[in-house]
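Asker: This is start22.tsv (TSV, C-alpha atoms).
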```tsv
chain	number	residue	atom	x	y	z
A	238	MET	CA	242.81	139.34	213.90
A	239	GLY	CA	244.02	136.27	215.80
A	240	GLY	CA	245.69	134.71	212.77
A	241	SER	CA	249.19	133.34	212.41
A	242	GLY	CA	252.01	135.88	212.14
A	243	PHE	CA	253.93	133.50	209.87
A	244	VAL	CA	251.02	133.32	207.42
A	245	ALA	CA	250.70	137.12	207.52
A	246	ALA	CA	254.42	137.55	206.79
A	247	PHE	CA	254.20	135.03	203.96
A	248	ALA	CA	251.16	136.81	202.50
A	249	ALA	CA	252.94	140.17	202.77
A	250	GLY	CA	255.92	138.72	200.92
A	251	LEU	CA	253.67	137.42	198.17
A	252	LEU	CA	251.97	140.83	197.88
A	253	VAL	CA	255.29	142.69	197.64
A	254	ASP	CA	256.46	140.24	194.98
A	255	ALA	CA	253.19	140.48	193.03
A	256	GLN	CA	253.31	144.29	193.09
A	257	ASP	CA	256.93	144.15	191.87
A	258	SER	CA	257.79	146.87	194.39
A	259	GLU	CA	261.36	147.86	195.02
A	260	LEU	CA	262.30	147.45	198.65
A	261	CYS	CA	264.60	149.77	200.47
A	262	ASP	CA	268.15	148.42	200.78
A	263	CYS	CA	267.75	148.70	204.54
A	264	PHE	CA	265.21	145.83	204.46
A	265	LEU	CA	267.65	143.62	202.63
A	266	GLU	CA	270.55	144.56	204.92
A	267	TYR	CA	268.42	143.96	208.00
A	268	GLY	CA	267.28	140.58	206.69
A	269	GLU	CA	270.84	139.50	205.91
A	270	ALA	CA	272.14	140.64	209.30
A	271	THR	CA	269.30	138.92	211.14
A	272	ALA	CA	269.82	135.69	209.21
A	273	GLU	CA	273.56	135.73	209.96
A	274	MET	CA	272.94	136.33	213.67
A	275	LEU	CA	270.42	133.48	213.86
A	276	LEU	CA	272.85	131.20	212.03
A	277	LEU	CA	275.61	132.14	214.47
A	278	LEU	CA	273.36	131.54	217.48
A	279	THR	CA	272.33	128.15	216.07
A	280	PHE	CA	275.94	127.09	215.63
A	281	VAL	CA	276.85	128.29	219.13
A	282	ALA	CA	273.85	126.53	220.70
A	283	LEU	CA	274.48	123.26	218.88
A	284	GLY	CA	278.24	123.49	219.08
A	285	THR	CA	278.39	123.96	222.83
A	286	THR	CA	276.38	120.82	223.40
A	287	LEU	CA	277.98	118.56	220.79
A	288	ILE	CA	281.64	119.61	220.91
A	289	TRP	CA	282.22	117.98	224.31
A	290	THR	CA	281.70	114.51	222.82
A	291	GLY	CA	285.34	114.82	221.72
A	292	LEU	CA	286.50	114.42	225.31
A	293	GLY	CA	285.11	110.87	225.37
A	294	VAL	CA	287.59	109.59	222.76
A	295	ILE	CA	290.82	110.93	224.24
A	296	ASP	CA	293.65	108.45	224.04
A	297	ALA	CA	297.19	108.50	222.69
A	298	ARG	CA	296.15	107.68	219.11
A	299	THR	CA	293.52	110.40	218.87
A	300	ILE	CA	295.84	113.03	220.35
A	301	VAL	CA	298.55	112.09	217.82
A	302	PHE	CA	295.94	112.24	215.06
A	303	ALA	CA	294.78	115.68	216.22
A	304	VAL	CA	298.34	117.01	216.19
A	305	ILE	CA	298.98	115.55	212.72
A	306	ALA	CA	295.69	116.94	211.38
A	307	LEU	CA	296.41	120.43	212.69
A	308	GLY	CA	299.99	120.34	211.43
A	309	ALA	CA	298.99	119.07	208.00
A	310	ARG	CA	296.43	121.83	207.62
A	311	THR	CA	299.09	124.44	208.34
A	312	VAL	CA	301.59	122.87	205.92
A	313	VAL	CA	298.98	122.74	203.13
A	314	LEU	CA	297.50	126.19	203.76
A	315	TYR	CA	300.76	128.17	203.73
A	316	PRO	CA	301.61	127.64	200.03
A	317	VAL	CA	297.95	128.10	199.06
A	318	LEU	CA	298.03	131.61	200.56
A	319	LYS	CA	301.05	132.56	198.42
A	320	GLY	CA	298.88	133.93	195.60
A	321	THR	CA	296.95	136.27	197.90
A	322	GLY	CA	299.54	139.04	197.94
A	323	LEU	CA	300.04	138.75	201.69
A	324	GLY	CA	303.47	139.03	203.22
A	325	SER	CA	305.30	135.96	204.49
A	326	ARG	CA	304.65	136.82	208.15
A	327	ASP	CA	300.91	137.28	207.53
A	328	ARG	CA	300.69	134.00	205.61
A	329	ARG	CA	302.44	132.17	208.44
A	330	LEU	CA	300.04	133.62	211.01
A	331	ILE	CA	296.95	132.78	208.96
A	332	ALA	CA	298.19	129.27	208.17
A	333	LEU	CA	299.10	128.58	211.78
A	334	LEU	CA	296.36	130.40	213.68
A	335	GLY	CA	293.62	130.92	211.11
A	336	PRO	CA	289.97	130.01	211.59
A	337	ARG	CA	289.19	126.34	211.79
A	338	GLY	CA	286.64	123.88	213.06
A	339	LEU	CA	283.20	124.75	211.77
A	340	SER	CA	283.60	123.27	208.30
A	341	SER	CA	285.17	120.14	209.78
A	342	LEU	CA	282.23	119.65	212.13
A	343	LEU	CA	279.71	120.20	209.36
A	344	LEU	CA	281.47	117.71	207.07
A	345	ALA	CA	281.70	115.16	209.89
A	346	LEU	CA	277.95	115.47	210.45
A	347	LEU	CA	277.18	114.28	206.90
A	348	PRO	CA	277.96	110.60	207.63
A	349	VAL	CA	276.17	110.93	210.99
A	350	PHE	CA	272.98	112.05	209.23
A	351	ALA	CA	273.42	109.26	206.67
A	352	SER	CA	273.70	106.72	209.54
A	353	ALA	CA	277.02	105.43	208.21
A	354	PRO	CA	278.77	102.87	210.40
A	355	GLY	CA	281.38	104.47	212.68
A	356	ALA	CA	280.05	107.97	211.99
A	357	GLU	CA	279.59	108.79	215.69
A	358	ARG	CA	283.23	107.96	216.45
A	359	LEU	CA	284.37	110.00	213.45
A	360	PHE	CA	282.32	112.95	214.70
A	361	SER	CA	283.74	112.58	218.23
A	362	ILE	CA	287.30	112.53	216.89
A	363	THR	CA	286.53	115.62	214.79
A	364	CYS	CA	285.20	117.32	217.93
A	365	LEU	CA	288.43	116.46	219.73
A	366	VAL	CA	290.52	117.94	216.90
A	367	VAL	CA	288.43	121.12	217.01
A	368	LEU	CA	288.78	121.35	220.81
A	369	VAL	CA	292.56	120.91	220.58
A	370	SER	CA	292.63	123.53	217.83
A	371	VAL	CA	290.67	126.01	219.91
A	372	VAL	CA	292.94	125.53	222.92
A	373	VAL	CA	296.26	125.47	221.05
A	374	HIS	CA	295.48	128.26	218.62
A	375	GLY	CA	293.65	130.38	221.17
A	376	ALA	CA	296.65	130.12	223.48
A	377	GLY	CA	299.00	130.68	220.53
A	378	ILE	CA	297.29	133.92	219.58
A	379	ALA	CA	297.32	135.08	223.21
A	380	LEU	CA	301.03	134.28	223.56
A	381	PHE	CA	301.82	135.99	220.24
A	382	LEU	CA	299.97	139.15	221.24
A	383	ASN	CA	301.48	139.09	224.72
A	384	ALA	CA	305.01	138.70	223.33
A	385	LYS	CA	304.37	141.54	220.88
A	386	SER	CA	303.15	143.86	223.65
A	387	VAL	CA	306.10	142.91	225.91
A	388	ARG	CA	308.51	143.77	223.07
A	389	ALA	CA	306.78	147.12	222.65
A	390	VAL	CA	307.07	147.86	226.39
A	391	GLU	CA	310.72	146.76	226.58
A	392	THR	CA	311.72	149.16	223.81
A	393	PRO	CA	312.86	152.24	225.71
A	394	PRO	CA	311.49	155.58	224.59
A	395	ALA	CA	313.86	157.94	222.84
A	396	PRO	CA	315.56	160.31	225.30
A	397	ALA	CA	314.31	163.88	225.28
A	398	PRO	CA	316.79	166.35	223.79
A	399	ALA	CA	318.60	168.37	226.42
A	400	SER	CA	318.24	172.12	226.21
A	401	GLY	CA	319.66	175.03	228.16
A	402	ARG	CA	316.20	176.29	229.16
A	403	ARG	CA	315.45	173.13	231.09
A	404	GLY	CA	318.40	173.72	233.43
A	405	SER	CA	317.47	177.37	233.95
A	406	ALA	CA	313.84	176.48	234.72
A	407	GLY	CA	315.07	174.04	237.36
A	408	ALA	CA	317.37	176.71	238.80
A	409	HIS	CA	314.49	179.17	238.86
A	410	HIS	CA	312.36	176.62	240.68
A	411	ASP	CA	315.14	176.06	243.21
A	412	ARG	CA	315.45	179.80	243.83
A	413	ARG	CA	311.72	180.10	244.51
A	414	SER	CA	311.73	177.21	246.94
A	415	THR	CA	314.61	178.73	248.95
A	416	ARG	CA	312.74	182.04	249.37
A	417	SER	CA	309.75	180.52	251.12
```
Would you mind writing the structure in this file as structure tokens?
Answerer:
Amino acid sequence: MGGSGFVAAFAAGLLVDAQDSELCDCFLEYGEATAEMLLLLTFVALGTTLIWTGLGVIDARTIVFAVIALGARTVVLYPVLKGTGLGSRDRRLIALLGPRGLSSLLLALLPVFASAPGAERLFSITCLVVLVSVVVHGAGIALFLNAKSVRAVETPPAPAPASGRRGSAGAHHDRRSTRS
């Protein structure tokens, strides 16, 4: 009819609500999945443009701060994971290499939006910490997985049990090859 699709969708939502109709679970699942994907795309689009501001504040003090911040997080997170029922090895891996960054960036944006003094520098330092985390922990996971796969390859397979038939099959093969 040439009208707005947004108004039509809004009117359809009002009609469904007014009718008190039960929607199929597939509508709810689709809506949740679509919302999560759009949220992820928004974070990726904004994150790839803003995260590089962390490179502008690199100096000795900010690198030391980034190392301390990442180390402190690991030290604090390990005992917190004790009540989860995970094994010691799993807790160490999660504490050391677990997900990080997004919540820090979102919290650092609060003073930026409030126009607090020094908020831009705080956000840039947070971006640097997240960049260091991505590099260090990404490389750490790769090295851990590589070391694990190398250990699996270096472990020799168990030798096959020797049997009398194997020798006779080889002798039979040798006899055939001498005939031709």
Asker: Compile the contact shell of range 287-300 of chain A as a compact mmCIF listing (two decimals) with C-alpha atoms, in the coordinates of the input: residues with an atom at most 8 Å away, counting only C-alpha atoms, same-chain residues fewer than 5 positions apart removed.
Answerer:
```txt
# COMPACT_ATOMS: atom_id res chain seq x y z
CA ARG A 358 283.23 107.96 216.45
CA PHE A 360 282.32 112.95 214.70
CA SER A 361 283.74 112.58 218.23
CA ILE A 362 287.30 112.53 216.89
CA THR A 363 286.53 115.62 214.79
CA CYS A 364 285.20 117.32 217.93
CA LEU A 365 288.43 116.46 219.73
CA VAL A 366 290.52 117.94 216.90
CA VAL A 367 288.43 121.12 217.01
CA LEU A 368 288.78 121.35 220.81
```
Asker: Using CA of Ile331 in chain A and CA of Leu314 in chain A as the two end points, give the distance in Å to one decimal.
Answerer: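 Interatomic distance here is 8.4 Å.
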Asker: Please indicate the distance in Å from CA of Ala345 in chain A to CA of Glu357 in chain A, rounded to one decimal place.
Answerer: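 Between these atoms lies a distance of 8.9 Å.
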Asker: Which residues, protein or nucleic acid, reach to within 10 Å of (290.5, 125.0, 215.1) in the file's coordinates when using all atoms listed in the file, and can you give that as a ChimeraX atom specification?
Answerer: /A:307,333-341,364-375
Asker: Measure the distance from CA of Pro348 in chain A to CA of Ala306 in chain A in Å and round it to one decimal.
Answerer: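 Straight-line distance from CA of Pro348 in chain A to CA of Ala306 in chain A works out to 19.2 Å.
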Asker: Given only C-alpha atoms as the basis, pick out the residue of A:Leu252, A:Leu260, A:Ile378, A:Ala332 nearest to Leu318 in chain A.
Answerer: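 Using only C-alpha atoms, the shortest distance to Leu318 in chain A belongs to A:Ala332.
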